[in-house]
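Okay, protein_36.pdb is below, PDB, C-alpha atoms, pLDDT in the B column:
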```
ATOM      1  CA  MET A   1      12.484   2.343   4.213  1.00 71.00           C
ATOM      2  CA  ASN A   2      11.102   4.652   6.879  1.00 73.00           C
ATOM      3  CA  ASN A   3      14.616   5.580   7.985  1.00 83.00           C
ATOM      4  CA  LEU A   4      15.541   6.641   4.464  1.00 90.00           C
ATOM      5  CA  LEU A   5      12.324   8.601   4.075  1.00 90.00           C
ATOM      6  CA  THR A   6      12.959  10.376   7.364  1.00 91.00           C
ATOM      7  CA  VAL A   7      16.391  11.517   6.175  1.00 93.00           C
ATOM      8  CA  ILE A   8      15.010  12.627   2.791  1.00 93.00           C
ATOM      9  CA  LEU A   9      12.134  14.507   4.409  1.00 93.00           C
ATOM     10  CA  SER A  10      14.279  16.192   7.046  1.00 94.00           C
ATOM     11  CA  ALA A  11      16.990  17.278   4.629  1.00 95.00           C
ATOM     12  CA  SER A  12      14.457  18.543   2.092  1.00 95.00           C
ATOM     13  CA  GLN A  13      12.530  20.514   4.687  1.00 94.00           C
ATOM     14  CA  LEU A  14      15.702  22.081   6.075  1.00 95.00           C
ATOM     15  CA  MET A  15      16.884  23.094   2.605  1.00 95.00           C
ATOM     16  CA  GLN A  16      13.454  24.480   1.746  1.00 94.00           C
ATOM     17  CA  MET A  17      13.453  26.632   4.889  1.00 93.00           C
ATOM     18  CA  GLU A  18      16.872  28.048   3.960  1.00 94.00           C
ATOM     19  CA  LEU A  19      15.929  28.951   0.381  1.00 93.00           C
ATOM     20  CA  ALA A  20      13.939  31.985  -0.637  1.00 92.00           C
ATOM     21  CA  GLU A  21      10.567  31.182  -2.188  1.00 90.00           C
ATOM     22  CA  SER A  22      11.746  32.865  -5.386  1.00 93.00           C
ATOM     23  CA  ASN A  23      14.528  30.277  -5.770  1.00 94.00           C
ATOM     24  CA  PRO A  24      13.696  27.766  -8.528  1.00 91.00           C
ATOM     25  CA  LEU A  25      14.801  24.896  -6.284  1.00 94.00           C
ATOM     26  CA  HIS A  26      12.087  25.760  -3.761  1.00 93.00           C
ATOM     27  CA  GLU A  27       9.389  24.183  -5.956  1.00 93.00           C
ATOM     28  CA  ASP A  28      11.537  21.091  -6.565  1.00 94.00           C
ATOM     29  CA  LEU A  29      11.985  20.622  -2.842  1.00 95.00           C
ATOM     30  CA  LYS A  30       8.240  20.961  -2.360  1.00 94.00           C
ATOM     31  CA  ASP A  31       7.753  18.124  -4.865  1.00 94.00           C
ATOM     32  CA  ILE A  32      10.340  15.980  -3.062  1.00 94.00           C
ATOM     33  CA  ILE A  33       8.617  16.551   0.286  1.00 94.00           C
ATOM     34  CA  GLU A  34       5.216  15.652  -1.150  1.00 93.00           C
ATOM     35  CA  ALA A  35       6.610  12.483  -2.758  1.00 92.00           C
ATOM     36  CA  ALA A  36       8.346  11.455   0.467  1.00 92.00           C
ATOM     37  CA  ASN A  37       5.119  11.976   2.418  1.00 91.00           C
ATOM     38  CA  ARG A  38       3.201   9.830  -0.090  1.00 90.00           C
ATOM     39  CA  ALA A  39       5.879   7.129   0.105  1.00 90.00           C
ATOM     40  CA  ALA A  40       5.744   7.193   3.915  1.00 88.00           C
ATOM     41  CA  ALA A  41       1.961   6.790   3.829  1.00 86.00           C
ATOM     42  CA  GLN A  42       2.286   3.875   1.399  1.00 86.00           C
ATOM     43  CA  THR A  43       4.940   2.228   3.559  1.00 86.00           C
ATOM     44  CA  HIS A  44       2.660   2.614   6.568  1.00 82.00           C
ATOM     45  CA  GLN A  45      -0.164   0.891   4.666  1.00 81.00           C
ATOM     46  CA  PHE A  46       2.136  -1.985   3.688  1.00 82.00           C
ATOM     47  CA  MET A  47       3.267  -2.401   7.280  1.00 80.00           C
ATOM     48  CA  ASN A  48      -0.334  -2.532   8.482  1.00 77.00           C
ATOM     49  CA  LEU A  49      -1.167  -5.087   5.824  1.00 76.00           C
ATOM     50  CA  GLY A  50       1.755  -7.238   6.918  1.00 72.00           C
ATOM     51  CA  ARG A  51       0.643  -7.158  10.536  1.00 74.00           C
ATOM     52  CA  ARG A  52      -2.730  -8.631   9.616  1.00 70.00           C
ATOM     53  CA  LEU A  53      -1.307 -11.678   7.855  1.00 56.00           C
ATOM     54  CA  VAL A  54      -1.938 -15.059   9.427  1.00 49.00           C
ATOM     55  CA  THR A  55       1.410 -16.400  10.564  1.00 50.00           C
ATOM     56  CA  ASP A  56       0.150 -19.809  11.666  1.00 53.00           C
ATOM     57  CA  PRO A  57      -2.505 -20.914   9.175  1.00 57.00           C
ATOM     58  CA  GLU A  58      -4.845 -23.755  10.125  1.00 62.00           C
ATOM     59  CA  SER A  59      -6.514 -26.223   7.822  1.00 65.00           C
ATOM     60  CA  PHE A  60     -10.280 -25.960   7.822  1.00 62.00           C
ATOM     61  CA  SER A  61     -13.246 -27.183   5.855  1.00 66.00           C
ATOM     62  CA  LEU A  62     -15.844 -24.832   4.449  1.00 66.00           C
ATOM     63  CA  LYS A  63     -18.482 -27.406   5.382  1.00 70.00           C
ATOM     64  CA  ASN A  64     -17.997 -26.358   9.029  1.00 66.00           C
ATOM     65  CA  PHE A  65     -18.914 -22.776   8.165  1.00 63.00           C
ATOM     66  CA  ILE A  66     -21.782 -23.351   5.723  1.00 69.00           C
ATOM     67  CA  GLN A  67     -25.138 -24.471   7.066  1.00 54.00           C
TER      68      GLN A  67
END
```
Could you quickly redo this structure as structure tokens?
Amino acid sequence: MNNLLTVILSASQLMQMELAESNPLHEDLKDIIEAANRAAAQTHQFMNLGRRLVTDPESFSLKNFIQ
């Protein structure tokens, strides 16, 4: 996912730099860049969530934790 977002972001930014601000596509590219940045942030959050998952769960009793 990050690889695709990198390509989308890079291509959009390059096209935006080449276009004049008066070009109607300039605003569309701005929207694409913002969406790609939001998607990258969301992907980053999902990756962090996945890293915190217990991969080797252990059985336990709540009685051992409650006094």
Can you turn the PyMOL selection byres ((chain A and resi 16) around 9) into a concrete residue list for this file, as a ChimeraX atom specification?
/A:11-15,17-21,25-27,29-30
To one decimal place, how far is CA of Ala36 (chain A) from CA of Ile8 (chain A) in Å?
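Distance between the two atoms: 7.2 Å.
For the atom pair formed by CA of Leu49 (chain A) and CA of Ile32 (chain A), the distance is 25.6 Å, given to one decimal.
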Could you pull the residues within 8 Å of region 41-46 of chain A, counting all atoms listed in the file, minus those fewer than 4 positions along the same chain, as a ChimeraX atom specification?
/A:1-2,37,50
Out of A:Ser22, A:Lys63, A:Met47, A:Leu5, which residue has the shortest atom-to-atom distance to Ala35 (chain A) when counting only C-alpha atoms?
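Closest to Ala35 (chain A), using only C-alpha atoms: A:Leu5.
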Work out where the centre of an axis-aligned box around every listed atom of region 21-35 of chain A lies and how long its edges are once 6 Å is added on each side; give both in Å to one decimal as AutoDock Vina command-line options.
```
--center_x 10.0 --center_y 22.7 --center_z -4.1 --size_x 21.6 --size_y 32.4 --size_z 20.8
```
